[in-house]
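Student: File name entry.txt; file contents compact mmCIF, C-alpha atoms; full text below.
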# COMPACT_ATOMS: atom_id res chain seq x y z
CA MET Q 1 31.05 -1.34 8.98
CA ILE Q 2 27.99 -2.95 10.44
CA LEU Q 3 25.87 -1.88 7.47
CA GLY Q 4 27.49 -4.59 5.36
CA PRO Q 5 26.33 -7.55 7.49
CA ALA Q 6 22.89 -5.96 7.93
CA LEU Q 7 22.61 -5.63 4.15
CA PHE Q 8 23.64 -9.25 3.77
CA PHE Q 9 21.02 -10.28 6.35
CA MET Q 10 18.27 -8.48 4.48
CA PHE Q 11 19.44 -9.93 1.15
CA ALA Q 12 19.11 -13.38 2.73
CA CYS Q 13 15.66 -12.58 4.14
CA ILE Q 14 14.33 -11.33 0.80
CA ALA Q 15 15.82 -14.29 -1.06
CA LEU Q 16 14.19 -16.70 1.39
CA ALA Q 17 10.92 -14.78 1.06
CA LEU Q 18 11.10 -15.17 -2.72
CA VAL Q 19 11.65 -18.92 -2.33
CA LEU Q 20 8.61 -19.14 -0.02
CA ASN Q 21 6.63 -17.18 -2.62
CA LEU Q 22 7.69 -19.61 -5.34
CA ILE Q 23 6.52 -22.57 -3.24
CA ARG Q 24 3.20 -20.83 -2.73
CA LEU Q 25 2.99 -20.00 -6.43
CA PHE Q 26 3.13 -23.69 -7.30
CA THR Q 27 0.88 -24.89 -4.47
CA ALA Q 28 -1.68 -22.06 -4.51
CA PRO Q 29 -5.22 -23.41 -4.31
CA THR Q 30 -6.90 -20.58 -6.22
CA LEU Q 31 -6.15 -18.36 -9.18
CA THR Q 32 -6.50 -15.21 -7.09
CA ASP Q 33 -3.81 -16.50 -4.74
CA ARG Q 34 -1.44 -16.73 -7.69
CA ILE Q 35 -2.07 -13.08 -8.56
CA LEU Q 36 -1.39 -12.14 -4.94
CA VAL Q 37 1.82 -14.18 -4.94
CA LEU Q 38 3.00 -12.53 -8.17
CA ASP Q 39 2.30 -9.12 -6.64
CA THR Q 40 4.25 -10.03 -3.51
CA MET Q 41 7.10 -11.38 -5.58
CA THR Q 42 7.45 -8.12 -7.50
CA VAL Q 43 7.43 -6.12 -4.27
CA ASN Q 44 10.17 -8.39 -2.94
CA ALA Q 45 12.06 -7.98 -6.20
CA ILE Q 46 11.86 -4.20 -5.76
CA ALA Q 47 13.42 -4.64 -2.33
CA LEU Q 48 16.18 -6.76 -3.86
CA VAL Q 49 16.91 -4.13 -6.54
CA VAL Q 50 17.01 -1.35 -3.94
CA LEU Q 51 19.34 -3.37 -1.70
CA TYR Q 52 21.67 -4.02 -4.61
CA GLY Q 53 21.60 -0.30 -5.30
CA ILE Q 54 22.67 0.41 -1.71
CA SER Q 55 25.48 -2.13 -1.76
CA SER Q 56 26.83 -0.96 -5.11
CA GLY Q 57 26.43 2.72 -4.27
CA SER Q 58 24.76 3.51 -7.58
CA ALA Q 59 21.57 5.55 -7.87
CA LEU Q 60 20.70 4.01 -11.22
CA TYR Q 61 19.00 0.99 -9.69
CA LEU Q 62 16.32 3.22 -8.20
CA GLU Q 63 15.00 3.95 -11.68
CA ALA Q 64 14.53 0.22 -12.17
CA ALA Q 65 12.73 0.06 -8.82
CA VAL Q 66 10.36 2.86 -9.86
CA LEU Q 67 9.56 1.08 -13.12
CA LEU Q 68 9.00 -2.26 -11.37
CA ALA Q 69 6.66 -0.63 -8.86
CA LEU Q 70 4.63 0.98 -11.65
CA THR Q 71 4.35 -2.08 -13.87
CA SER Q 72 3.61 -4.54 -11.08
CA PHE Q 73 0.69 -2.42 -9.89
CA VAL Q 74 -0.76 -2.10 -13.38
CA GLY Q 75 -0.25 -5.82 -13.94
CA THR Q 76 -2.04 -6.83 -10.74
CA ILE Q 77 -4.97 -4.56 -11.51
CA ALA Q 78 -5.16 -5.89 -15.08
CA TYR Q 79 -5.27 -9.52 -13.89
CA CYS Q 80 -7.97 -8.70 -11.33
CA LYS Q 81 -9.96 -6.66 -13.80
CA TYR Q 82 -9.88 -9.55 -16.25
CA LEU Q 83 -11.19 -11.97 -13.62
CA LEU Q 84 -13.77 -9.45 -12.38
CA ARG Q 85 -15.18 -8.14 -15.63
CA GLY Q 86 -14.01 -10.50 -18.36
CA SER Q 87 -12.11 -7.71 -20.12
CA ILE Q 88 -9.38 -5.28 -19.18
CA ILE Q 89 -10.23 -2.14 -21.16
CA GLU Q 90 -13.94 -1.42 -21.34
CA MET R 91 -7.92 33.24 -16.28
CA LEU R 92 -5.78 31.75 -13.54
CA LYS R 93 -8.54 29.30 -12.80
CA ARG R 94 -8.78 28.27 -16.46
CA LEU R 95 -5.03 27.74 -16.69
CA PHE R 96 -4.81 25.77 -13.42
CA PRO R 97 -8.11 23.91 -13.04
CA HIS R 98 -6.66 21.74 -10.26
CA PRO R 99 -4.13 23.61 -8.12
CA TYR R 100 -3.50 20.65 -5.79
CA LEU R 101 -2.86 18.36 -8.74
CA THR R 102 -0.47 20.91 -10.25
CA MET R 103 1.51 21.22 -7.03
CA THR R 104 1.63 17.44 -6.60
CA LEU R 105 2.89 16.98 -10.16
CA VAL R 106 5.69 19.52 -9.66
CA VAL R 107 6.83 17.74 -6.48
CA LEU R 108 6.53 14.32 -8.15
CA TRP R 109 8.65 15.45 -11.11
CA PHE R 110 11.38 16.70 -8.79
CA LEU R 111 11.30 13.40 -6.88
CA LEU R 112 11.54 11.52 -10.15
CA VAL R 113 14.54 13.37 -11.58
CA ASN R 114 16.15 13.46 -8.12
CA HIS R 115 18.14 16.69 -8.46
CA TRP R 116 17.32 20.37 -8.06
CA LYS R 117 18.07 22.31 -11.22
CA ILE R 118 16.30 25.17 -12.92
CA GLY R 119 15.78 23.09 -16.06
CA SER R 120 13.83 20.53 -14.08
CA LEU R 121 11.65 23.31 -12.68
CA VAL R 122 10.80 24.46 -16.22
CA MET R 123 9.94 20.92 -17.28
CA ALA R 124 7.95 20.33 -14.10
CA THR R 125 5.93 23.52 -14.62
CA LEU R 126 5.22 22.64 -18.24
CA LEU R 127 4.04 19.14 -17.35
CA ALA R 128 2.10 20.28 -14.30
CA THR R 129 0.22 22.81 -16.45
CA ALA R 130 -0.38 20.51 -19.40
CA ILE R 131 -1.47 17.32 -17.58
CA PRO R 132 -4.34 18.88 -15.54
CA LEU R 133 -5.54 20.78 -18.64
CA ILE R 134 -5.60 17.67 -20.80
CA SER R 135 -7.06 15.35 -18.17
CA SER R 136 -9.52 17.79 -16.58
CA ALA R 137 -12.39 16.14 -18.48
CA TRP R 138 -12.01 13.16 -16.14
CA TRP R 139 -11.82 15.30 -13.01
CA PRO R 140 -15.06 17.29 -12.99
CA ASP R 141 -14.98 18.01 -9.24
CA ARG R 142 -12.22 19.34 -7.10
CA ALA R 143 -11.13 17.56 -3.97
CA MET R 144 -12.09 19.84 -1.11
CA VAL R 145 -9.64 19.75 1.76
CA LYS R 146 -11.00 21.98 4.47
CA ARG R 147 -8.06 21.60 6.83
CA PRO R 148 -4.75 20.70 5.15
CA LEU R 149 -2.94 20.82 8.49
CA SER R 150 -5.10 18.12 10.06
CA LEU R 151 -4.48 16.05 6.93
CA ALA R 152 -0.76 16.18 7.75
CA THR R 153 -1.30 15.02 11.35
CA TYR R 154 -3.65 12.34 10.04
CA THR R 155 -0.87 11.08 7.73
CA VAL R 156 1.55 10.85 10.66
CA LEU R 157 -1.05 9.00 12.73
CA VAL R 158 -1.66 6.51 9.92
CA LEU R 159 2.07 5.95 9.32
CA TRP R 160 2.52 5.21 13.02
CA ASP R 161 -0.44 2.83 12.96
CA VAL R 162 1.00 1.04 9.92
CA ILE R 163 4.11 0.19 11.95
CA VAL R 164 2.06 -0.92 14.97
CA ALA R 165 -0.19 -2.91 12.61
CA ASN R 166 2.80 -4.84 11.40
CA PHE R 167 3.80 -6.02 14.84
CA GLN R 168 0.24 -7.25 15.45
CA VAL R 169 -0.01 -9.06 12.11
CA ALA R 170 3.48 -10.51 12.61
CA ARG R 171 2.46 -11.88 16.01
CA ILE R 172 -0.68 -13.47 14.59
CA VAL R 173 1.15 -14.94 11.60
CA LEU R 174 4.03 -16.36 13.63
CA PHE R 175 2.57 -17.51 16.91
CA MET R 176 -1.18 -17.98 16.69
CA PRO R 177 -2.33 -21.55 15.97
CA ARG R 178 -4.20 -21.73 12.69
CA ASP R 179 -7.52 -22.81 14.15
CA LYS R 180 -7.42 -20.06 16.78
CA ILE R 181 -7.41 -17.25 14.20
CA ARG R 182 -10.93 -15.86 14.28
CA SER R 183 -11.44 -13.98 11.03
CA ASN R 184 -14.58 -11.95 10.69
CA TRP R 185 -16.46 -9.82 8.22
CA ILE R 186 -17.39 -6.39 9.51
CA THR R 187 -19.87 -3.95 7.99
CA ILE R 188 -19.02 -0.29 8.50
CA PRO R 189 -21.85 2.13 7.80
CA LEU R 190 -20.38 5.37 6.46
CA ASP R 191 -21.02 8.90 7.67
CA LEU R 192 -18.67 10.31 5.04
CA HIS R 193 -20.04 11.53 1.73
CA SER R 194 -17.16 12.81 -0.40
CA PRO R 195 -15.59 10.08 -2.58
CA GLU R 196 -12.05 11.25 -1.76
CA ALA R 197 -12.65 10.85 1.97
CA ILE R 198 -14.20 7.40 1.51
CA SER R 199 -11.30 6.15 -0.62
CA LEU R 200 -8.83 7.54 1.90
CA LEU R 201 -10.69 5.76 4.70
CA ALA R 202 -10.70 2.50 2.71
CA GLY R 203 -6.95 2.80 2.15
CA THR R 204 -6.34 3.55 5.80
CA ILE R 205 -8.35 0.51 6.89
CA THR R 206 -6.34 -1.73 4.59
CA MET R 207 -2.98 -0.46 5.84
CA THR R 208 -3.79 -0.59 9.58
CA PRO R 209 -4.16 -3.32 12.24
CA GLY R 210 -5.45 -6.61 10.90
CA THR R 211 -8.23 -5.14 8.78
CA LEU R 212 -8.71 -4.98 5.04
CA THR R 213 -11.34 -3.21 2.95
CA ALA R 214 -12.94 -5.82 0.72
CA ASP R 215 -15.94 -4.18 -0.89
CA MET R 216 -18.46 -1.38 -0.84
CA SER R 217 -22.23 -1.54 -0.94
CA ALA R 218 -23.74 -0.75 -4.33
CA CYS R 219 -25.09 2.58 -3.09
CA GLY R 220 -21.76 3.54 -1.52
CA ARG R 221 -23.05 3.94 2.03
CA ALA R 222 -21.26 1.03 3.71
CA LEU R 223 -17.85 -0.65 3.57
CA LEU R 224 -17.20 -4.38 3.86
CA VAL R 225 -14.12 -4.98 6.00
CA HIS R 226 -12.33 -8.25 6.63
CA ALA R 227 -10.56 -8.59 9.97
CA LEU R 228 -7.72 -11.10 10.35
CA HIS R 229 -8.32 -11.73 14.03
CA ALA R 230 -11.33 -10.05 15.62
CA PRO R 231 -13.15 -11.93 18.36
CA ASP R 232 -15.24 -8.77 18.86
CA PRO R 233 -16.24 -7.23 15.49
CA ALA R 234 -18.27 -4.42 17.07
CA ALA R 235 -15.20 -3.10 18.89
CA VAL R 236 -13.18 -3.00 15.66
CA ARG R 237 -16.01 -1.15 13.92
CA ASP R 238 -16.26 1.45 16.69
CA ASP R 239 -12.48 1.83 16.73
CA ILE R 240 -12.37 2.56 12.99
CA LYS R 241 -15.27 4.99 13.23
CA THR R 242 -13.84 7.00 16.11
CA ARG R 243 -10.15 6.82 15.22
CA TYR R 244 -10.20 7.42 11.47
CA GLU R 245 -13.64 8.29 10.15
CA SER R 246 -14.33 11.13 12.58
CA ARG R 247 -10.96 12.70 11.75
CA LEU R 248 -11.56 12.40 8.01
CA LYS R 249 -15.01 13.92 8.44
CA ARG R 250 -13.42 16.91 10.14
CA ILE R 251 -10.82 17.25 7.38
CA PHE R 252 -13.07 16.89 4.34
CA GLU R 253 -16.59 17.90 5.37
CA MET T 254 32.33 13.34 17.86
CA THR T 255 31.28 13.16 14.23
CA ALA T 256 32.66 9.65 13.98
CA MET T 257 30.62 8.62 17.04
CA LEU T 258 27.56 10.14 15.45
CA SER T 259 28.03 8.36 12.17
CA VAL T 260 28.62 5.03 13.92
CA GLY T 261 25.37 5.49 15.87
CA PHE T 262 23.60 6.43 12.67
CA GLU T 263 24.91 3.36 10.93
CA LEU T 264 23.70 1.19 13.80
CA PHE T 265 20.28 2.79 13.43
CA LEU T 266 20.20 2.11 9.68
CA SER T 267 21.31 -1.48 10.25
CA ALA T 268 18.50 -1.98 12.76
CA ILE T 269 16.00 -0.71 10.17
CA LEU T 270 17.43 -3.09 7.57
CA VAL T 271 17.25 -6.10 9.88
CA GLY T 272 13.70 -5.25 10.95
CA GLY T 273 12.61 -4.73 7.35
CA GLY T 274 14.10 -8.05 6.30
CA VAL T 275 12.30 -9.86 9.10
CA PHE T 276 8.99 -8.21 8.16
CA ALA T 277 9.36 -9.06 4.47
CA LEU T 278 10.05 -12.66 5.46
CA ILE T 279 7.02 -12.72 7.77
CA GLY T 280 4.83 -11.39 4.96
CA SER T 281 5.84 -14.20 2.64
CA TYR T 282 5.68 -16.79 5.41
CA GLY T 283 2.15 -15.67 6.26
CA LEU T 284 1.22 -16.14 2.62
CA LEU T 285 2.31 -19.75 2.97
CA ARG T 286 0.90 -20.44 6.42
CA LEU T 287 -2.50 -18.80 6.73
CA PRO T 288 -5.24 -21.26 5.81
CA ARG T 289 -7.96 -19.17 4.14
CA PRO T 290 -7.67 -17.02 0.97
CA MET T 291 -9.02 -13.87 2.65
CA GLN T 292 -6.55 -14.27 5.52
CA ARG T 293 -3.68 -14.65 3.10
CA LEU T 294 -4.44 -11.20 1.70
CA HIS T 295 -3.49 -9.61 5.02
CA ALA T 296 0.14 -10.67 5.32
CA PRO T 297 1.70 -9.38 2.09
CA THR T 298 -0.22 -6.10 1.88
CA LYS T 299 1.13 -4.95 5.22
CA ALA T 300 4.33 -6.76 6.11
CA THR T 301 5.95 -6.85 2.69
CA THR T 302 5.20 -3.18 2.08
CA VAL T 303 6.94 -2.25 5.33
CA GLY T 304 9.88 -4.49 4.42
CA VAL T 305 10.41 -2.66 1.14
CA GLY T 306 9.81 0.63 2.93
CA ALA T 307 12.69 -0.15 5.30
CA ALA T 308 15.05 -0.87 2.40
CA LEU T 309 14.03 2.38 0.73
CA VAL T 310 14.48 4.46 3.90
CA VAL T 311 18.00 3.11 4.31
CA SER T 312 18.71 3.76 0.64
CA ALA T 313 17.55 7.36 1.06
CA PHE T 314 19.65 8.10 4.14
CA ASP T 315 22.78 5.96 3.80
CA LEU T 316 24.80 8.91 2.49
CA LEU T 317 23.51 11.33 5.12
CA PRO T 318 26.87 11.57 7.00
CA GLN T 319 28.32 12.93 3.74
CA GLY T 320 25.43 15.37 3.58
CA GLN T 321 23.45 13.72 0.81
CA ILE T 322 19.81 12.67 0.91
CA SER T 323 18.20 10.97 -2.04
CA TRP T 324 14.55 11.90 -2.41
CA GLN T 325 13.60 9.46 -5.14
CA GLU T 326 12.96 6.75 -2.56
CA LEU T 327 10.19 8.85 -1.10
CA LEU T 328 8.43 8.59 -4.45
CA ILE T 329 8.59 4.78 -4.42
CA VAL T 330 7.46 4.58 -0.78
CA LEU T 331 4.51 6.86 -1.50
CA PHE T 332 3.61 4.89 -4.58
CA LEU T 333 3.73 1.56 -2.75
CA LEU T 334 1.71 2.92 0.18
CA LEU T 335 -0.93 4.26 -2.22
CA THR T 336 -1.16 1.20 -4.45
CA ALA T 337 -1.02 -1.61 -1.85
CA PRO T 338 -4.60 -0.93 -0.62
CA ILE T 339 -5.90 -0.71 -4.19
CA SER T 340 -4.34 -4.03 -5.21
CA ALA T 341 -5.70 -5.59 -2.02
CA LEU T 342 -9.19 -4.20 -2.70
CA PHE T 343 -9.19 -5.59 -6.24
CA LEU T 344 -7.95 -8.99 -5.05
CA ALA T 345 -10.64 -9.08 -2.35
CA LYS T 346 -13.32 -8.21 -4.91
CA THR T 347 -12.03 -10.99 -7.16
CA LEU T 348 -12.16 -13.46 -4.26
CA ILE T 349 -15.73 -12.43 -3.42
CA LEU T 350 -16.93 -12.62 -7.02
CA ARG T 351 -15.37 -16.03 -7.61
CA GLY T 352 -16.79 -17.34 -4.35
CA GLU T 353 -13.36 -18.13 -2.94
CA ALA T 354 -13.71 -15.83 0.06
CA ASP T 355 -15.38 -16.98 3.26
CA PRO T 356 -19.07 -17.20 2.54
CA ASN T 357 -21.79 -15.67 4.74
CA LEU T 358 -21.02 -12.03 4.02
CA PRO T 359 -22.83 -9.72 6.42
CA ASP T 360 -25.71 -7.58 5.26
CA PRO T 361 -24.66 -4.09 4.10
CA GLY T 362 -27.57 -2.63 6.05
CA THR T 363 -28.30 -0.12 3.30
CA GLY T 364 -30.92 -2.02 1.33
CA THR T 365 -28.54 -2.60 -1.60
CA PRO T 366 -26.20 -5.56 -2.12
CA TRP T 367 -22.39 -5.40 -2.07
CA ALA T 368 -21.09 -3.75 -5.24
CA THR T 369 -19.12 -6.76 -6.54
CA LEU T 370 -22.15 -9.02 -6.37
CA ALA T 371 -24.53 -6.37 -7.72
CA GLN T 372 -22.77 -5.81 -11.03
CA GLU T 373 -23.80 -8.01 -13.92
CA ARG T 374 -20.85 -9.56 -15.69
CA SER T 375 -20.15 -8.13 -19.09
CA ASP T 376 -19.66 -10.66 -21.84
CA PRO T 377 -16.00 -11.37 -22.51
Please express what this file holds, its structure, as structure tokens.

Tutor:
Amino acid sequence: MILGPALFFMFACIALALVLNLIRLFTAPTLTDRILVLDTMTVNAIALVVLYGISSGSALYLEAAVLLALTSFVGTIAYCKYLLRGSIIE
Amino acid sequence: MLKRLFPHPYLTMTLVVLWFLLVNHWKIGSLVMATLLATAIPLISSAWWPDRAMVKRPLSLATYTVLVLWDVIVANFQVARIVLFMPRDKIRSNWITIPLDLHSPEAISLLAGTITMTPGTLTADMSACGRALLVHALHAPDPAAVRDDIKTRYESRLKRIFE
Amino acid sequence: MTAMLSVGFELFLSAILVGGGVFALIGSYGLLRLPRPMQRLHAPTKATTVGVGAALVVSAFDLLPQGQISWQELLIVLFLLLTAPISALFLAKTLILRGEADPNLPDPGTGTPWATLAQERSDP
């Protein structure tokens, strides 16, 4: 009974967090900040997917969350590697 | 023979558990698949894992994990307080050098991860010879105290577990 | 008795959800508020990870009164806990190399420079 409102509250929090991230994405002073913001946004998106999975009662959304977690990590490392070394695969 | 088939027993066990977590149900078919994968992956990738991770005391590793998880939660309240209530110009960020007593690469990477996940500190770099860590502290008026805290709280425990 | 128990359990899960939401929000707010690039690294690595962790814990246990636990969430939590420090380390190295971190790094005290500054850049 109370889980519904709590879920709604967290949906709102994550949505607001994503908006804040977007603002930062456009106003970020450095390139590295943008990578950090993208990383944070994907982590927030994972939270959103998991929450939707809870509210719909389906376990399928977890697979999407696993995939997002994997790809966002690889993506962040690839961006950083490119800035650090000038190439991704050496 | 057994050693040739399972060059990395820890890795094999981890892979079996990971496969079960991934498929998310307990059936005999999954066990077969998990065993196949957990045998094949260490065999194929063993060229990149020449050394074995040596865990001297697995039990202390478990208590260490619990300690770190607890500290992660405490860390969040501290960071939240700094982010929300501390005026921007009052935040005293500092670089801290931590000379390492640890030698095994696994222990050092575990220590670096622990530092990043716990109160207001973040591992930023390592010296070229691998004997010191560069740590950034979000709010540390007294860098020496933070260094001593990390060395006594985490590094000494890791040294007991791995060396 | 069982109904009481499940109501208490639901309250507990709701508290975790609310706390996680607040932490995720704080992580993103810190990203916006903290003035220096190195400081901004702190907020998302810790707070946002715990926020997602809270959502995953609730997802794992929300069917516990019916006797079901989902273990897949544990995998995601473990993965996020393992990768957050690595992403943060790479971002910090990038900041140091590009000179966007606070200058005046301390001396390593080992006679060798910090690894990021010691490497020569390979040609792109």

Student: Using all atoms listed in the file, which protein or nucleic acid residues come within 7 Å of segment 323-336 of chain T? Drop anything in the same chain fewer than 5 positions from it, and give the result as a PyMOL selection string.

Tutor: (chain Q and resi 66+73) or (chain R and resi 111-112+114) or (chain T and resi 302+306+309+313-314)

Student: At a cut-off of 6 Å, list the chain T residues touching chain Q, using only C-alpha atoms, as an MDAnalysis selection string.

Tutor: chainID T and resid 267 271 274 278 281 285 305 312 347 374 377

Student: Let me make sure I understand: among R:Ala152, R:Cys219, R:Val225, R:Ala230, which one has the smallest atom-to-atom distance to chain T if we use all atoms listed in the file?

Tutor: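 The shortest atom-to-atom distance to chain T comes from R:Cys219.
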
Student: Using all atoms listed in the file, find which residues of chain R lie within 7 Å of chain T and jot them down as a list in words.

Tutor: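 Residues satisfying the distance criterion: Leu111, Leu112, Asn114, Asn166, Val169, Ala170, Val173, Arg178, Trp185, Thr187, Gly203, Thr206, Met207, Gly210, Leu212, Thr213, Ala214, Asp215, Met216, Ser217, Ala218, Cys219, Arg221, Ala222 and Leu228 of chain R.
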
Student: Report, in Å with one decimal, the straight-line distance from atom CA of Phe96 of chain R to atom CA of Leu192 of chain R.

Tutor: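 Straight-line distance from atom CA of Phe96 of chain R to atom CA of Leu192 of chain R works out to 27.8 Å.
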
Student: Return segment 13-30 of chain Q, completed with N, CA and C atoms, as a PDB file, keeping the file's coordinate frame.

Tutor:
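That gives us out39.pdb:
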ATOM      1  N   CYS Q  13      17.086 -12.549   3.804  1.00  0.00           N
ATOM      2  CA  CYS Q  13      15.660 -12.580   4.140  1.00  0.00           C
ATOM      3  C   CYS Q  13      14.807 -12.493   2.893  1.00  0.00           C
ATOM      4  N   ILE Q  14      15.147 -11.525   2.002  1.00  0.00           N
ATOM      5  CA  ILE Q  14      14.330 -11.330   0.800  1.00  0.00           C
ATOM      6  C   ILE Q  14      14.443 -12.554  -0.102  1.00  0.00           C
ATOM      7  N   ALA Q  15      15.652 -13.109  -0.206  1.00  0.00           N
ATOM      8  CA  ALA Q  15      15.820 -14.290  -1.060  1.00  0.00           C
ATOM      9  C   ALA Q  15      14.972 -15.437  -0.533  1.00  0.00           C
ATOM     10  N   LEU Q  16      14.999 -15.640   0.794  1.00  0.00           N
ATOM     11  CA  LEU Q  16      14.190 -16.700   1.390  1.00  0.00           C
ATOM     12  C   LEU Q  16      12.707 -16.430   1.164  1.00  0.00           C
ATOM     13  N   ALA Q  17      12.322 -15.141   1.293  1.00  0.00           N
ATOM     14  CA  ALA Q  17      10.920 -14.780   1.060  1.00  0.00           C
ATOM     15  C   ALA Q  17      10.512 -15.112  -0.365  1.00  0.00           C
ATOM     16  N   LEU Q  18      11.418 -14.867  -1.326  1.00  0.00           N
ATOM     17  CA  LEU Q  18      11.100 -15.170  -2.720  1.00  0.00           C
ATOM     18  C   LEU Q  18      10.941 -16.673  -2.925  1.00  0.00           C
ATOM     19  N   VAL Q  19      11.786 -17.461  -2.215  1.00  0.00           N
ATOM     20  CA  VAL Q  19      11.650 -18.920  -2.330  1.00  0.00           C
ATOM     21  C   VAL Q  19      10.293 -19.361  -1.781  1.00  0.00           C
ATOM     22  N   LEU Q  20       9.916 -18.814  -0.598  1.00  0.00           N
ATOM     23  CA  LEU Q  20       8.610 -19.140  -0.020  1.00  0.00           C
ATOM     24  C   LEU Q  20       7.497 -18.769  -0.992  1.00  0.00           C
ATOM     25  N   ASN Q  21       7.638 -17.604  -1.652  1.00  0.00           N
ATOM     26  CA  ASN Q  21       6.630 -17.180  -2.620  1.00  0.00           C
ATOM     27  C   ASN Q  21       6.525 -18.166  -3.766  1.00  0.00           C
ATOM     28  N   LEU Q  22       7.697 -18.652  -4.227  1.00  0.00           N
ATOM     29  CA  LEU Q  22       7.690 -19.610  -5.340  1.00  0.00           C
ATOM     30  C   LEU Q  22       6.947 -20.869  -4.945  1.00  0.00           C
ATOM     31  N   ILE Q  23       7.218 -21.364  -3.709  1.00  0.00           N
ATOM     32  CA  ILE Q  23       6.520 -22.570  -3.240  1.00  0.00           C
ATOM     33  C   ILE Q  23       5.015 -22.328  -3.262  1.00  0.00           C
ATOM     34  N   ARG Q  24       4.620 -21.138  -2.757  1.00  0.00           N
ATOM     35  CA  ARG Q  24       3.200 -20.830  -2.730  1.00  0.00           C
ATOM     36  C   ARG Q  24       2.624 -20.711  -4.151  1.00  0.00           C
ATOM     37  N   LEU Q  25       3.449 -20.170  -5.050  1.00  0.00           N
ATOM     38  CA  LEU Q  25       2.990 -20.000  -6.430  1.00  0.00           C
ATOM     39  C   LEU Q  25       2.621 -21.346  -7.025  1.00  0.00           C
ATOM     40  N   PHE Q  26       3.406 -22.389  -6.706  1.00  0.00           N
ATOM     41  CA  PHE Q  26       3.130 -23.690  -7.300  1.00  0.00           C
ATOM     42  C   PHE Q  26       2.060 -24.451  -6.540  1.00  0.00           C
ATOM     43  N   THR Q  27       1.858 -24.129  -5.242  1.00  0.00           N
ATOM     44  CA  THR Q  27       0.880 -24.890  -4.470  1.00  0.00           C
ATOM     45  C   THR Q  27      -0.397 -24.094  -4.206  1.00  0.00           C
ATOM     46  N   ALA Q  28      -0.533 -22.908  -4.830  1.00  0.00           N
ATOM     47  CA  ALA Q  28      -1.680 -22.060  -4.510  1.00  0.00           C
ATOM     48  C   ALA Q  28      -2.982 -22.755  -4.898  1.00  0.00           C
ATOM     49  N   PRO Q  29      -3.966 -22.738  -3.996  1.00  0.00           N
ATOM     50  CA  PRO Q  29      -5.220 -23.410  -4.310  1.00  0.00           C
ATOM     51  C   PRO Q  29      -6.086 -22.642  -5.304  1.00  0.00           C
ATOM     52  N   THR Q  30      -6.013 -21.336  -5.326  1.00  0.00           N
ATOM     53  CA  THR Q  30      -6.900 -20.580  -6.220  1.00  0.00           C
ATOM     54  C   THR Q  30      -6.111 -19.662  -7.131  1.00  0.00           C
TER      55      THR Q  30
END
